[in-house]
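Here's the structure, in structure tokens; my notes come after.
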Amino acid sequence: MTTLTISARQPFSFLSVVNSHGWVQLAPFNFDKGTETLTYILRLSSGRVLDLILLAAPGGVRVETDDLGPAEEDEISRTVAWMLALDQDFSAFYAEARKEPKLAHVEAKAQGRVLRSPTLFEDVVKTILTTNTLWAATKRMTANLVEQFGDPLPGDPDRKAFPTPERLAASTPEALKNGTRVGYRAPYVHELAVRVASGELDLEALKGFDLPTPELRKRLLAIKGVGAYAAANLLMILGRYDFLPVDSWALKVVSHEWHDGQPIGKAEVESAFERWGAFKGLAYWFWDWAYFHQEK
DNA sequence: GGTAGACCTGGACGC
DNA sequence: GCGTCCAGGTCTACC
């Protein structure tokens, strides 16, 4: 067994990242609340499938997995650093958040990071699977996708990695739809897989691109199945917070926060966070909503 | 540039 | 039981 300890830019809270959004509930992630252990079935670039066990450690995170070669160790360190956004700096956001009682908690809790999948491909697919459906269905669709098309973990083949673009591209929209119950999203997922697998679309390159956010957003919106909400969600994952992922949940919490629970539209959500500029997404995401404090 | 209508799926709800 | 509605929206056609 190998144990790696990876340091994070401070302040850092392992649990704040894990609980930053629902991603932790999507396969091949799993979180054990009792032991506060995050597991993830990772497929390395070599094709080797490993079970990563992640735990909080002083100054960062501890990773336990099978015996590794030096190159694999390096790949896992880089992957985990991306997944937990270990290098991200939120000091400018915290400076603004200190002036807002509804965000007073973020610095002490080291909030700001959002949990990411190893590849942007996986996060785009998962985001498409969150659209126009219930969260329970998103979890089911993702689990089905992993179960049907993921590479198995040696020694425990019931546990599988997230499918590669190549594997999904080799399938058909019909097989995807019938096997995973993703419904009308099947052609979107398949087309994305084909474009990525063929090399036409280099999604992973977008991680490091220094493009202005509107240009990055255009690239994301060019993906079938990715609209305004999905693009904003993916921009958050890419560390850009200029756009709000306005969904039915946003309409609900903003309505209860400032409009007495009355029906509102996207414009009201945008207007509520306009003043946060480049930190819009963060302010929205980590806001201490009144909705959480009332009887529901 | 803005907006109806259709869209897989499967729980929740009303009858 | 059965029909309708709708959910962490997006696309297309049409204006």
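Residue names in the structure tokens use chain letters A, B, ... in the order shown, residue numbers from 1 in each chain, and ligand numbers from 1 in the order shown.
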Residues of chain A within 9 Å of chain B, counting only C-alpha atoms (C1' of nucleotides), what are they? List them as a list in words.
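Contact residues on the first chain: Thr133, Leu134, Ala137, Lys177, Arg181, Val182, Gly183, Tyr184 and Arg185 of chain A.
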Restricted to N, CA and C atoms, what would the selected residues look like written as an mmCIF file, in the first residue's frame?
data_model
loop_
_atom_site.group_PDB
_atom_site.id
_atom_site.type_symbol
_atom_site.label_atom_id
_atom_site.label_comp_id
_atom_site.auth_asym_id
_atom_site.auth_seq_id
_atom_site.Cartn_x
_atom_site.Cartn_y
_atom_site.Cartn_z
ATOM 1 N N THR A 133 -34.030 17.449 -14.318
ATOM 2 C CA THR A 133 -34.368 16.182 -13.657
ATOM 3 C C THR A 133 -34.238 16.345 -12.150
ATOM 4 N N LEU A 134 -34.593 15.321 -11.429
ATOM 5 C CA LEU A 134 -34.451 15.334 -9.979
ATOM 6 C C LEU A 134 -33.056 14.859 -9.609
ATOM 7 N N ALA A 137 -32.509 11.246 -9.653
ATOM 8 C CA ALA A 137 -32.345 10.685 -10.998
ATOM 9 C C ALA A 137 -30.926 10.926 -11.504
ATOM 10 N N LYS A 177 -28.945 5.217 -23.977
ATOM 11 C CA LYS A 177 -30.274 5.554 -23.461
ATOM 12 C C LYS A 177 -30.923 4.346 -22.792
ATOM 13 N N ARG A 181 -30.730 4.875 -18.751
ATOM 14 C CA ARG A 181 -31.931 5.684 -18.486
ATOM 15 C C ARG A 181 -31.619 7.179 -18.424
ATOM 16 N N VAL A 182 -30.680 7.622 -19.255
ATOM 17 C CA VAL A 182 -30.385 9.058 -19.282
ATOM 18 C C VAL A 182 -31.344 9.803 -20.208
ATOM 19 N N GLY A 183 -32.221 9.043 -20.862
ATOM 20 C CA GLY A 183 -33.273 9.668 -21.662
ATOM 21 C C GLY A 183 -32.750 10.460 -22.847
ATOM 22 N N TYR A 184 -33.347 11.632 -23.058
ATOM 23 C CA TYR A 184 -32.992 12.441 -24.233
ATOM 24 C C TYR A 184 -31.566 13.000 -24.151
ATOM 25 N N ARG A 185 -30.906 12.814 -22.983
ATOM 26 C CA ARG A 185 -29.530 13.305 -22.832
ATOM 27 C C ARG A 185 -28.525 12.379 -23.508
#
Residues within 12 Å of Val226 of chain A, please, as a PyMOL selection string. Count only C-alpha atoms (C1' of nucleotides); anything in the same chain fewer than 6 positions from it doesn't count.
(chain A and resi 123-132+185+188-189+192+217-220+232-235+245) or (chain C and resi 9-11)
Just asking: which residues within segment 41-264 of chain A are strand (DSSP E or B) according to DSSP, as a PyMOL selection string?
chain A and resi 41-43+49-57+60-65+152-153+156-160
Which residue out of A:Asp247, A:Asp156, A:Asp202, A:Glu72 has the minimum interatomic distance to chain C when only C-alpha atoms (C1' of nucleotides) are used?
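Result for the nearest residue to chain C: A:Asp247.
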Quick one: everything within 7 Å of Thr180 of chain A, counting only C-alpha atoms (C1' of nucleotides), minus sequence neighbours fewer than 3 positions away in the same chain. Send it as a ChimeraX atom specification.
/A:141,144-145,176-177
Using N, CA and C atoms, can you export the residues from the last selection as a PDB file, in the first residue's frame?
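See selection_20.pdb below for the written result:
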ATOM      1  N   MET A 141     -28.654   7.991 -12.840  1.00  0.00           N
ATOM      2  CA  MET A 141     -28.094   8.001 -14.202  1.00  0.00           C
ATOM      3  C   MET A 141     -26.570   7.867 -14.164  1.00  0.00           C
ATOM      4  N   ASN A 144     -25.600   4.359 -13.170  1.00  0.00           N
ATOM      5  CA  ASN A 144     -25.822   3.443 -14.299  1.00  0.00           C
ATOM      6  C   ASN A 144     -24.710   3.558 -15.339  1.00  0.00           C
ATOM      7  N   LEU A 145     -24.319   4.791 -15.611  1.00  0.00           N
ATOM      8  CA  LEU A 145     -23.269   5.039 -16.597  1.00  0.00           C
ATOM      9  C   LEU A 145     -21.963   4.359 -16.172  1.00  0.00           C
ATOM     10  N   LEU A 176     -26.805   3.757 -24.960  1.00  0.00           N
ATOM     11  CA  LEU A 176     -26.649   4.616 -23.782  1.00  0.00           C
ATOM     12  C   LEU A 176     -27.998   4.878 -23.136  1.00  0.00           C
ATOM     13  N   LYS A 177     -28.945   5.217 -23.977  1.00  0.00           N
ATOM     14  CA  LYS A 177     -30.274   5.554 -23.461  1.00  0.00           C
ATOM     15  C   LYS A 177     -30.923   4.346 -22.792  1.00  0.00           C
TER      16      LYS A 177
END
Nearby residues (only C-alpha atoms (C1' of nucleotides)) at most 9 Å from segment 112-117 of chain A, same-chain spacing under 4 positions excluded, as number ranges by chain
A: 12, 16-24, 29, 79, 82-86, 88-90, 93, 106-107, 121-123, 236-239, 282, 285-286
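The space between atom CA of Tyr241 of chain A and atom CA of Leu120 of chain A spans 16.6 Å.
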Rank A:Ala222, A:Thr37, A:Ser255, A:Ala267 by their smallest atom-to-atom distance to chain C, using only C-alpha atoms (C1' of nucleotides), and report the top residue only.
A:Ala222
Every residue of segment 95-217 of chain A that DSSP places in alpha helix (DSSP H), as a PyMOL selection string:
chain A and resi 95-97+120-128+135-149+165-169+173-180+186-197+213-217
Do a neighbour search on segment 56-58 of chain A at 8 Å with only C-alpha atoms (C1' of nucleotides), toss out local chain neighbours closer than 5 positions, and write the hits as a PyMOL selection string.
chain A and resi 5+13-15
Restricted to N, CA, C and O atoms, what would the selected residues look like written as a short mmCIF file (atom, residue, chain, number, x, y, z; two decimals), in the first residue's frame?
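Now in out_33.cif:
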data_model
loop_
_atom_site.label_atom_id
_atom_site.label_comp_id
_atom_site.auth_asym_id
_atom_site.auth_seq_id
_atom_site.Cartn_x
_atom_site.Cartn_y
_atom_site.Cartn_z
N THR A 5 0.97 12.15 1.20
CA THR A 5 0.40 13.32 1.86
C THR A 5 0.63 14.52 0.97
O THR A 5 1.77 14.78 0.55
N SER A 13 -9.89 23.17 4.22
CA SER A 13 -10.70 22.23 5.00
C SER A 13 -11.15 21.11 4.08
O SER A 13 -11.88 21.34 3.13
N PHE A 14 -10.69 19.93 4.38
CA PHE A 14 -11.05 18.75 3.59
C PHE A 14 -12.57 18.59 3.52
O PHE A 14 -13.15 18.41 2.45
N LEU A 15 -13.21 18.71 4.70
CA LEU A 15 -14.67 18.48 4.73
C LEU A 15 -15.43 19.58 3.99
O LEU A 15 -16.49 19.32 3.41
#
Name all residues at most 12 Å from Val63 of chain A (count only C-alpha atoms (C1' of nucleotides); drop same-chain ones fewer than 2 positions away) and give them as an MDAnalysis selection string.
chainID A and resid 1:7 37:40 50:57 60:61 65:68 73 76:81 84
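Computed from the coordinates, the atom CA of Glu204 of chain A to atom CA of Asn178 of chain A distance equals 28.4 Å.
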Pairwise distance, atom CA of Val253 of chain A with atom CA of Val269 of chain A, equals 9.3 Å
